[in-house]
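Student: Here you go, this is model14.cif (mmCIF, C-alpha atoms).
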data_coords
#
loop_
_atom_site.label_atom_id
_atom_site.label_comp_id
_atom_site.auth_asym_id
_atom_site.auth_seq_id
_atom_site.Cartn_x
_atom_site.Cartn_y
_atom_site.Cartn_z
CA MET A 11 -32.81 34.02 -1.49
CA ILE A 12 -31.94 31.65 1.37
CA ALA A 13 -31.64 28.85 -1.19
CA ASP A 14 -29.20 30.93 -3.25
CA LEU A 15 -26.99 31.55 -0.22
CA LEU A 16 -27.09 27.86 0.70
CA ILE A 17 -26.15 26.85 -2.84
CA LEU A 18 -23.28 29.31 -2.84
CA ALA A 19 -22.01 28.04 0.52
CA CYS A 20 -22.22 24.39 -0.58
CA VAL A 21 -20.41 25.05 -3.86
CA GLY A 22 -17.75 27.02 -2.00
CA ILE A 23 -17.07 24.26 0.54
CA GLY A 24 -17.15 21.60 -2.18
CA LEU A 25 -14.64 23.39 -4.37
CA LEU A 26 -12.39 24.09 -1.37
CA PHE A 27 -12.15 20.39 -0.49
CA ASN A 28 -11.72 19.29 -4.09
CA THR A 29 -8.89 21.82 -4.47
CA LEU A 30 -7.23 20.51 -1.31
CA GLY A 31 -7.49 17.00 -2.75
CA ILE A 32 -5.59 18.09 -5.86
CA ILE A 33 -2.93 19.90 -3.83
CA GLY A 34 -2.60 16.69 -1.80
CA ILE A 35 -1.83 14.66 -4.93
CA LEU A 36 1.01 17.02 -5.73
CA ARG A 37 2.39 17.24 -2.20
CA PHE A 38 2.22 13.73 -0.78
CA PRO A 39 5.21 11.38 -1.24
CA ASP A 40 3.89 7.92 -2.24
CA VAL A 41 0.93 6.17 -3.85
CA TYR A 42 -0.93 5.42 -0.60
CA THR A 43 -0.81 8.89 0.86
CA ARG A 44 -1.79 10.30 -2.53
CA LEU A 45 -4.77 7.99 -2.60
CA HIS A 46 -5.82 9.44 0.75
CA ALA A 47 -5.87 12.94 -0.62
CA GLU A 48 -7.27 12.11 -3.99
CA THR A 49 -10.15 9.72 -3.33
CA LYS A 50 -11.49 11.04 -0.08
CA THR A 51 -11.29 14.76 0.15
CA THR A 52 -12.78 14.72 -3.34
CA THR A 53 -15.66 12.48 -2.19
CA PHE A 54 -16.34 14.87 0.67
CA GLY A 55 -16.16 17.88 -1.63
CA THR A 56 -18.49 16.23 -4.10
CA ILE A 57 -21.03 15.59 -1.32
CA PHE A 58 -21.31 19.36 -0.95
CA LEU A 59 -21.49 19.96 -4.71
CA ALA A 60 -24.30 17.38 -4.86
CA ALA A 61 -25.99 19.05 -1.88
CA ALA A 62 -25.95 22.30 -3.85
CA VAL A 63 -27.73 20.59 -6.75
CA VAL A 64 -30.30 19.05 -4.39
CA VAL A 65 -31.00 22.41 -2.74
CA TYR A 66 -31.41 23.99 -6.18
CA GLY A 67 -33.74 21.18 -7.30
CA VAL A 68 -35.91 21.31 -4.17
CA SER A 69 -36.19 25.11 -4.21
CA ARG A 70 -37.22 25.10 -7.88
CA LEU A 71 -39.64 22.23 -7.17
CA LEU A 72 -41.36 24.21 -4.41
CA GLU A 73 -41.47 27.25 -6.67
CA SER A 74 -42.81 25.65 -9.85
CA GLY A 75 -44.09 22.20 -8.87
CA ASP A 76 -42.46 20.78 -11.99
CA GLY A 77 -41.68 17.06 -11.68
CA GLN A 78 -38.34 17.31 -13.50
CA TYR A 79 -36.74 19.03 -10.48
CA LEU A 80 -37.72 16.12 -8.25
CA THR A 81 -36.05 13.80 -10.77
CA LEU A 82 -32.96 16.02 -10.77
CA SER A 83 -32.61 15.91 -6.97
CA VAL A 84 -33.23 12.17 -6.68
CA HIS A 85 -30.80 11.31 -9.46
CA THR A 86 -28.12 13.45 -7.83
CA VAL A 87 -28.53 11.59 -4.53
CA VAL A 88 -28.33 8.21 -6.31
CA ALA A 89 -25.23 9.33 -8.22
CA LEU A 90 -23.66 10.45 -4.94
CA LEU A 91 -24.28 7.05 -3.31
CA ALA A 92 -22.78 5.27 -6.32
CA LEU A 93 -19.78 7.61 -6.22
CA ALA A 94 -19.19 7.04 -2.49
CA VAL A 95 -19.26 3.23 -2.80
CA THR A 96 -17.21 2.97 -6.00
CA ASN A 97 -14.67 5.55 -4.83
CA ALA A 98 -13.96 3.61 -1.66
CA THR A 99 -13.79 0.28 -3.48
CA GLY A 100 -11.61 1.70 -6.24
CA ALA A 101 -9.17 3.22 -3.75
CA HIS A 102 -8.92 -0.11 -1.97
CA ALA A 103 -8.33 -1.95 -5.26
CA ILE A 104 -5.55 0.44 -6.30
CA ALA A 105 -3.88 0.27 -2.88
CA ARG A 106 -4.02 -3.54 -2.79
CA ALA A 107 -2.73 -3.84 -6.35
CA ALA A 108 0.13 -1.45 -5.57
CA HIS A 109 1.10 -3.41 -2.48
CA ARG A 110 0.93 -6.79 -4.24
CA SER A 111 3.13 -5.52 -7.06
CA GLY A 112 5.81 -4.64 -4.52
CA GLN A 113 5.23 -0.92 -4.09
CA ALA A 114 6.17 -0.53 -0.43
CA PRO A 115 4.77 2.48 1.40
CA SER A 116 7.56 4.99 1.67
CA PRO A 117 8.02 6.74 4.01
CA ALA A 118 6.38 4.43 6.54
CA VAL A 119 6.97 3.76 10.20
CA ILE A 120 5.48 0.27 10.00
CA ASP A 121 4.07 -2.24 7.46
CA ARG A 122 2.14 -5.10 9.04
CA TYR A 123 0.73 -6.19 5.68
CA LEU A 124 4.20 -6.99 4.35
CA GLU A 125 4.84 -9.25 7.36
CA GLU A 126 1.57 -11.01 6.65
CA GLU A 127 2.32 -11.63 2.97
CA ALA A 128 5.87 -12.83 3.61
CA MET B 6 -38.17 -18.39 -5.84
CA ILE B 7 -37.80 -16.18 -2.75
CA PRO B 8 -34.44 -14.73 -3.94
CA PHE B 9 -36.05 -13.89 -7.27
CA ILE B 10 -38.99 -12.05 -5.67
CA ALA B 11 -36.80 -10.20 -3.16
CA THR B 12 -34.35 -9.06 -5.85
CA ALA B 13 -37.20 -8.01 -8.14
CA LEU B 14 -38.81 -5.99 -5.34
CA VAL B 15 -35.59 -4.14 -4.51
CA ALA B 16 -34.93 -3.47 -8.20
CA PHE B 17 -38.49 -2.20 -8.66
CA VAL B 18 -38.25 0.15 -5.68
CA LEU B 19 -34.95 1.47 -7.04
CA TYR B 20 -36.59 2.01 -10.44
CA LEU B 21 -39.47 3.87 -8.79
CA ILE B 22 -37.02 6.13 -6.95
CA LEU B 23 -35.16 6.87 -10.17
CA THR B 24 -38.29 7.72 -12.13
CA ALA B 25 -40.15 9.68 -9.42
CA GLY B 26 -41.78 12.79 -10.85
CA SER B 27 -42.30 11.38 -14.34
CA GLY B 28 -46.08 11.54 -14.55
CA SER B 29 -49.60 11.83 -13.23
CA PHE B 30 -50.24 8.35 -11.78
CA GLY B 31 -49.16 9.21 -8.27
CA LEU B 32 -45.63 10.41 -8.96
CA TRP B 33 -45.18 8.05 -11.89
CA SER B 34 -46.55 7.63 -15.38
CA PRO B 35 -48.23 4.28 -16.23
CA VAL B 36 -45.62 3.56 -18.92
CA GLU B 37 -42.80 3.90 -16.39
CA LEU B 38 -44.58 1.56 -13.96
CA GLY B 39 -44.99 -1.08 -16.67
CA MET B 40 -41.38 -0.76 -17.78
CA GLY B 41 -40.30 -0.93 -14.13
CA VAL B 42 -42.00 -4.30 -13.62
CA LEU B 43 -40.46 -5.67 -16.81
CA VAL B 44 -36.94 -4.39 -16.13
CA SER B 45 -36.92 -5.49 -12.49
CA CYS B 46 -37.99 -9.03 -13.48
CA VAL B 47 -35.12 -9.23 -16.00
CA THR B 48 -32.69 -7.82 -13.39
CA ALA B 49 -33.86 -10.34 -10.81
CA ALA B 50 -33.49 -13.25 -13.23
CA ILE B 51 -29.88 -12.28 -13.93
CA SER B 52 -28.62 -11.14 -10.55
CA ARG B 53 -30.58 -13.00 -7.85
CA SER B 54 -27.67 -15.30 -7.02
CA PHE B 55 -25.28 -12.36 -6.52
CA PHE B 56 -27.69 -10.18 -4.62
CA ILE B 57 -28.74 -12.84 -2.10
CA SER B 58 -25.79 -15.12 -1.68
CA ASP B 59 -25.71 -16.42 1.88
CA THR B 60 -28.51 -18.29 3.56
CA GLY B 61 -30.68 -16.41 6.01
CA TYR B 62 -32.49 -13.16 5.44
CA ARG B 63 -30.99 -10.93 8.12
CA MET B 64 -30.99 -7.87 5.88
CA ALA B 65 -34.72 -8.22 5.12
CA ASN B 66 -35.42 -6.79 8.57
CA PRO B 67 -36.50 -3.14 8.02
CA LEU B 68 -35.05 -2.13 11.39
CA ARG B 69 -31.59 -2.84 9.98
CA TRP B 70 -32.28 -0.49 7.05
CA VAL B 71 -33.43 2.26 9.40
CA ARG B 72 -30.25 1.80 11.43
CA PHE B 73 -28.25 1.86 8.18
CA ALA B 74 -29.81 5.18 7.11
CA VAL B 75 -29.20 6.71 10.55
CA TYR B 76 -25.64 5.37 10.49
CA ILE B 77 -24.89 7.05 7.16
CA CYS B 78 -26.47 10.37 8.12
CA VAL B 79 -25.16 10.92 11.65
CA PRO B 80 -22.12 8.98 12.95
CA PHE B 81 -20.54 8.24 9.60
CA PHE B 82 -21.01 11.72 8.20
CA LEU B 83 -19.66 13.45 11.32
CA GLU B 84 -16.70 11.08 11.44
CA MET B 85 -16.03 11.81 7.78
CA ALA B 86 -16.25 15.57 8.30
CA ARG B 87 -13.82 15.51 11.23
CA ALA B 88 -11.38 13.26 9.35
CA ASN B 89 -11.58 15.46 6.23
CA LEU B 90 -10.60 18.53 8.23
CA ASP B 91 -7.70 16.48 9.61
CA VAL B 92 -6.48 15.52 6.12
CA ALA B 93 -6.98 19.06 4.87
CA TYR B 94 -4.69 20.19 7.69
CA ARG B 95 -2.12 17.54 6.70
CA VAL B 96 -2.28 18.51 3.04
CA ILE B 97 -1.45 22.08 3.94
CA THR B 98 1.24 21.40 6.57
CA GLY B 99 2.69 18.17 5.15
CA ASN B 100 2.87 16.75 8.71
CA ILE B 101 2.45 13.01 8.03
CA ARG B 102 3.71 9.78 9.60
CA PRO B 103 2.23 6.97 7.47
CA GLY B 104 2.22 3.22 7.97
CA ILE B 105 0.13 0.08 7.58
CA VAL B 106 -1.38 -1.38 10.76
CA ARG B 107 -3.51 -4.41 11.53
CA ILE B 108 -6.92 -4.12 13.15
CA ALA B 109 -9.11 -6.95 14.43
CA PRO B 110 -12.71 -5.76 14.33
CA GLY B 111 -14.12 -9.25 14.98
CA LEU B 112 -16.88 -9.01 12.37
CA LYS B 113 -18.15 -12.32 11.03
CA THR B 114 -20.19 -11.67 7.90
CA ASP B 115 -18.91 -10.60 4.49
CA PHE B 116 -21.34 -7.70 4.38
CA GLY B 117 -20.15 -6.42 7.74
CA VAL B 118 -16.50 -6.56 6.68
CA LEU B 119 -17.35 -4.81 3.40
CA MET B 120 -19.17 -2.03 5.23
CA LEU B 121 -16.36 -1.53 7.72
CA ALA B 122 -13.70 -1.58 4.98
CA ASN B 123 -15.62 1.01 2.96
CA SER B 124 -16.25 3.14 6.03
CA ILE B 125 -12.55 3.05 6.87
CA THR B 126 -11.60 3.95 3.32
CA LEU B 127 -14.07 6.83 3.12
CA THR B 128 -12.97 8.37 6.39
CA PRO B 129 -9.76 10.05 5.23
CA GLY B 130 -6.54 9.32 7.00
CA THR B 131 -7.28 5.61 6.83
CA LEU B 132 -7.32 3.33 3.78
CA THR B 133 -8.02 -0.40 3.75
CA VAL B 134 -5.22 -2.13 1.85
CA GLY B 135 -5.89 -5.79 2.55
CA VAL B 136 -8.02 -8.38 4.34
CA ASP B 137 -6.90 -11.47 6.19
CA GLU B 138 -9.62 -13.80 4.95
CA ALA B 139 -9.15 -16.36 7.72
CA THR B 140 -9.71 -14.00 10.64
CA ASN B 141 -11.41 -11.04 8.89
CA ASP B 142 -8.63 -8.77 10.16
CA LEU B 143 -8.09 -5.63 8.09
CA PHE B 144 -4.81 -4.03 7.09
CA VAL B 145 -5.23 -0.29 7.20
CA HIS B 146 -2.91 2.36 5.83
CA MET B 147 -2.98 5.32 8.20
CA ILE B 148 -1.67 8.69 7.18
CA HIS B 149 -0.63 9.62 10.70
CA ILE B 150 0.32 7.13 13.40
CA GLY B 151 0.82 8.53 16.86
CA MET B 152 4.32 8.46 18.32
CA GLY B 153 5.06 4.99 19.72
CA ASP B 154 1.80 3.50 18.44
CA GLU B 155 3.62 1.51 15.74
CA LYS B 156 4.83 -0.93 18.40
CA LYS B 157 1.30 -2.21 19.00
CA GLU B 158 0.71 -5.63 17.42
CA ILE B 159 -2.98 -5.06 16.72
CA PHE B 160 -4.83 -1.75 16.68
CA GLU B 161 -8.21 -1.36 18.30
CA SER B 162 -10.79 -0.16 15.81
CA ALA B 163 -11.61 2.55 18.36
CA ASP B 164 -8.23 4.08 17.55
CA LEU B 165 -9.36 4.77 13.98
CA PHE B 166 -12.61 6.55 14.80
CA SER B 167 -12.55 9.23 17.43
CA ILE B 168 -16.18 10.29 17.87
CA PHE B 169 -18.43 7.25 17.40
CA PRO B 170 -17.77 3.49 17.78
CA LEU B 171 -18.49 2.75 14.12
CA THR B 172 -17.56 -0.94 14.46
CA ASP B 173 -20.34 -1.46 17.00
CA TRP B 174 -22.80 0.33 14.73
CA ILE B 175 -21.87 -1.93 11.84
CA ARG B 176 -22.16 -5.01 14.02
CA ARG B 177 -25.71 -4.00 14.93
CA ILE B 178 -26.58 -3.32 11.27
CA ALA B 179 -25.02 -6.32 9.57
CA GLU B 180 -24.89 -9.13 12.12
#
Show me this structure written as structure tokens.

Tutor:
Amino acid sequence: MIADLLILACVGIGLLFNTLGIIGILRFPDVYTRLHAETKTTTFGTIFLAAAVVVYGVSRLLESGDGQYLTLSVHTVVALLALAVTNATGAHAIARAAHRSGQAPSPAVIDRYLEEEA
Amino acid sequence: MIPFIATALVAFVLYLILTAGSGSFGLWSPVELGMGVLVSCVTAAISRSFFISDTGYRMANPLRWVRFAVYICVPFFLEMARANLDVAYRVITGNIRPGIVRIAPGLKTDFGVLMLANSITLTPGTLTVGVDEATNDLFVHMIHIGMGDEKKEIFESADLFSIFPLTDWIRRIAE
């Protein structure tokens, strides 16, 4: 019962943040600000979706003692770690590639990186 | 030889974590244990020179791993939660003032710079765009720069994180 409520809360928060990430892609003006919305609010939302899976796995494990639920929970945590690291690295790679190919941040109040490259 | 053994051990532990709950021999089945030894030896033979690249075995100290786990669970997670609420607010209101600033965290090792860059990228509102390889300075795209702050030559890393001094945490973990 408590587990069900927890799962529901986690899924709710996760979907809320993922939705905000998508709205951010549509609203923000340039590639960098869109990357902010897209890669990070979605990582945070996915943490909660993964937490929901872990709570489900642990509650079923305590109920039935079946080893497959332990595997489910552990694999979800590993997938989450992989997602967090690759998401950050991928966002950095896209931002750097965009900047090197001359995509200036617009609007921007300042661009120290451009001064460095020049 | 030591890089091979260390890489094989880490790979084997990772394999054990992934296959936990597969059988009766402890948490694992004997077949999985045998396969784990085989696969981790192959992994170590291929990747030992990537996994352990610089001399010195700082990261073999278990205290650093404990600090790393605490870092992920408490300061980093809270910082990420606060920053996510901030970006959620900016998505809804559209109140942004973006720009790329330079920060000088003063980290010396590659691993430390990698951790800080990833931490900056994962806390929303900040995104690492580039690295000055000579000084290990980072160029960070911020979604909202405070009024007048763009005149500063170099940002303090404390300006990026409001609750915890994440740079100091990373220095204690990686250096």

Student: Quick one: residues within 8 Å of His149 (chain B), all atoms listed in the file, excluding same-chain residues fewer than 6 positions away - as an MDAnalysis selection string?

Tutor: chainID B and resid 101:104 130

Student: As a PyMOL selection string, could you give me every residue of chain B near chain A (at most 7 Å apart, counting all atoms listed in the file)?

Tutor: chain B and resi 23-27+89+93+96+102-107+123+126-127+129-130+132-135+144+148+155

Student: Store the residues picked out above in a file with C-alpha atoms, as a PDB file, in the frame of the given file.

Tutor:
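Written file, result31.pdb:
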ATOM      1  CA  LEU B  23     -35.160   6.870 -10.170  1.00  0.00           C
ATOM      2  CA  THR B  24     -38.290   7.720 -12.130  1.00  0.00           C
ATOM      3  CA  ALA B  25     -40.150   9.680  -9.420  1.00  0.00           C
ATOM      4  CA  GLY B  26     -41.780  12.790 -10.850  1.00  0.00           C
ATOM      5  CA  SER B  27     -42.300  11.380 -14.340  1.00  0.00           C
ATOM      6  CA  ASN B  89     -11.580  15.460   6.230  1.00  0.00           C
ATOM      7  CA  ALA B  93      -6.980  19.060   4.870  1.00  0.00           C
ATOM      8  CA  VAL B  96      -2.280  18.510   3.040  1.00  0.00           C
ATOM      9  CA  ARG B 102       3.710   9.780   9.600  1.00  0.00           C
ATOM     10  CA  PRO B 103       2.230   6.970   7.470  1.00  0.00           C
ATOM     11  CA  GLY B 104       2.220   3.220   7.970  1.00  0.00           C
ATOM     12  CA  ILE B 105       0.130   0.080   7.580  1.00  0.00           C
ATOM     13  CA  VAL B 106      -1.380  -1.380  10.760  1.00  0.00           C
ATOM     14  CA  ARG B 107      -3.510  -4.410  11.530  1.00  0.00           C
ATOM     15  CA  ASN B 123     -15.620   1.010   2.960  1.00  0.00           C
ATOM     16  CA  THR B 126     -11.600   3.950   3.320  1.00  0.00           C
ATOM     17  CA  LEU B 127     -14.070   6.830   3.120  1.00  0.00           C
ATOM     18  CA  PRO B 129      -9.760  10.050   5.230  1.00  0.00           C
ATOM     19  CA  GLY B 130      -6.540   9.320   7.000  1.00  0.00           C
ATOM     20  CA  LEU B 132      -7.320   3.330   3.780  1.00  0.00           C
ATOM     21  CA  THR B 133      -8.020  -0.400   3.750  1.00  0.00           C
ATOM     22  CA  VAL B 134      -5.220  -2.130   1.850  1.00  0.00           C
ATOM     23  CA  GLY B 135      -5.890  -5.790   2.550  1.00  0.00           C
ATOM     24  CA  PHE B 144      -4.810  -4.030   7.090  1.00  0.00           C
ATOM     25  CA  ILE B 148      -1.670   8.690   7.180  1.00  0.00           C
ATOM     26  CA  GLU B 155       3.620   1.510  15.740  1.00  0.00           C
TER      27      GLU B 155
END

Student: Evaluate the PyMOL selection byres ((chain B and resi 142) around 10) on the structure here and hand back the selected residues as a PyMOL selection string.

Tutor: chain B and resi 107-112+118+135-141+143-145+159

Student: Run through the PyMOL selection byres ((chain A and resi 21) around 9) on the given coordinates and return the selected residues as a ChimeraX atom specification.

Tutor: /A:16-20,22-26,55,58-62

Student: Could you tell me how far CA of Thr12 (chain B) sits from CA of Phe56 (chain B), in Å to one decimal place?

Tutor: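 Separation of CA of Phe56 (chain B) and CA of Thr12 (chain B): 6.9 Å.
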
Student: Just give me the gap between CA of Leu21 (chain B) and CA of Glu37 (chain B) in Å, one decimal is fine.

Tutor: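 Here the two named atoms are 8.3 Å from each other.
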
Student: Could you work out an axis-aligned box for region 83-89 of chain A, taking every atom the file lists and adding 6 Å on each side, and report centre and edge lengths in Å to one decimal, as JSON?

Tutor:
{"center_x": -29.2, "center_y": 12.1, "center_z": -7.0, "size_x": 20.0, "size_y": 19.7, "size_z": 16.9}
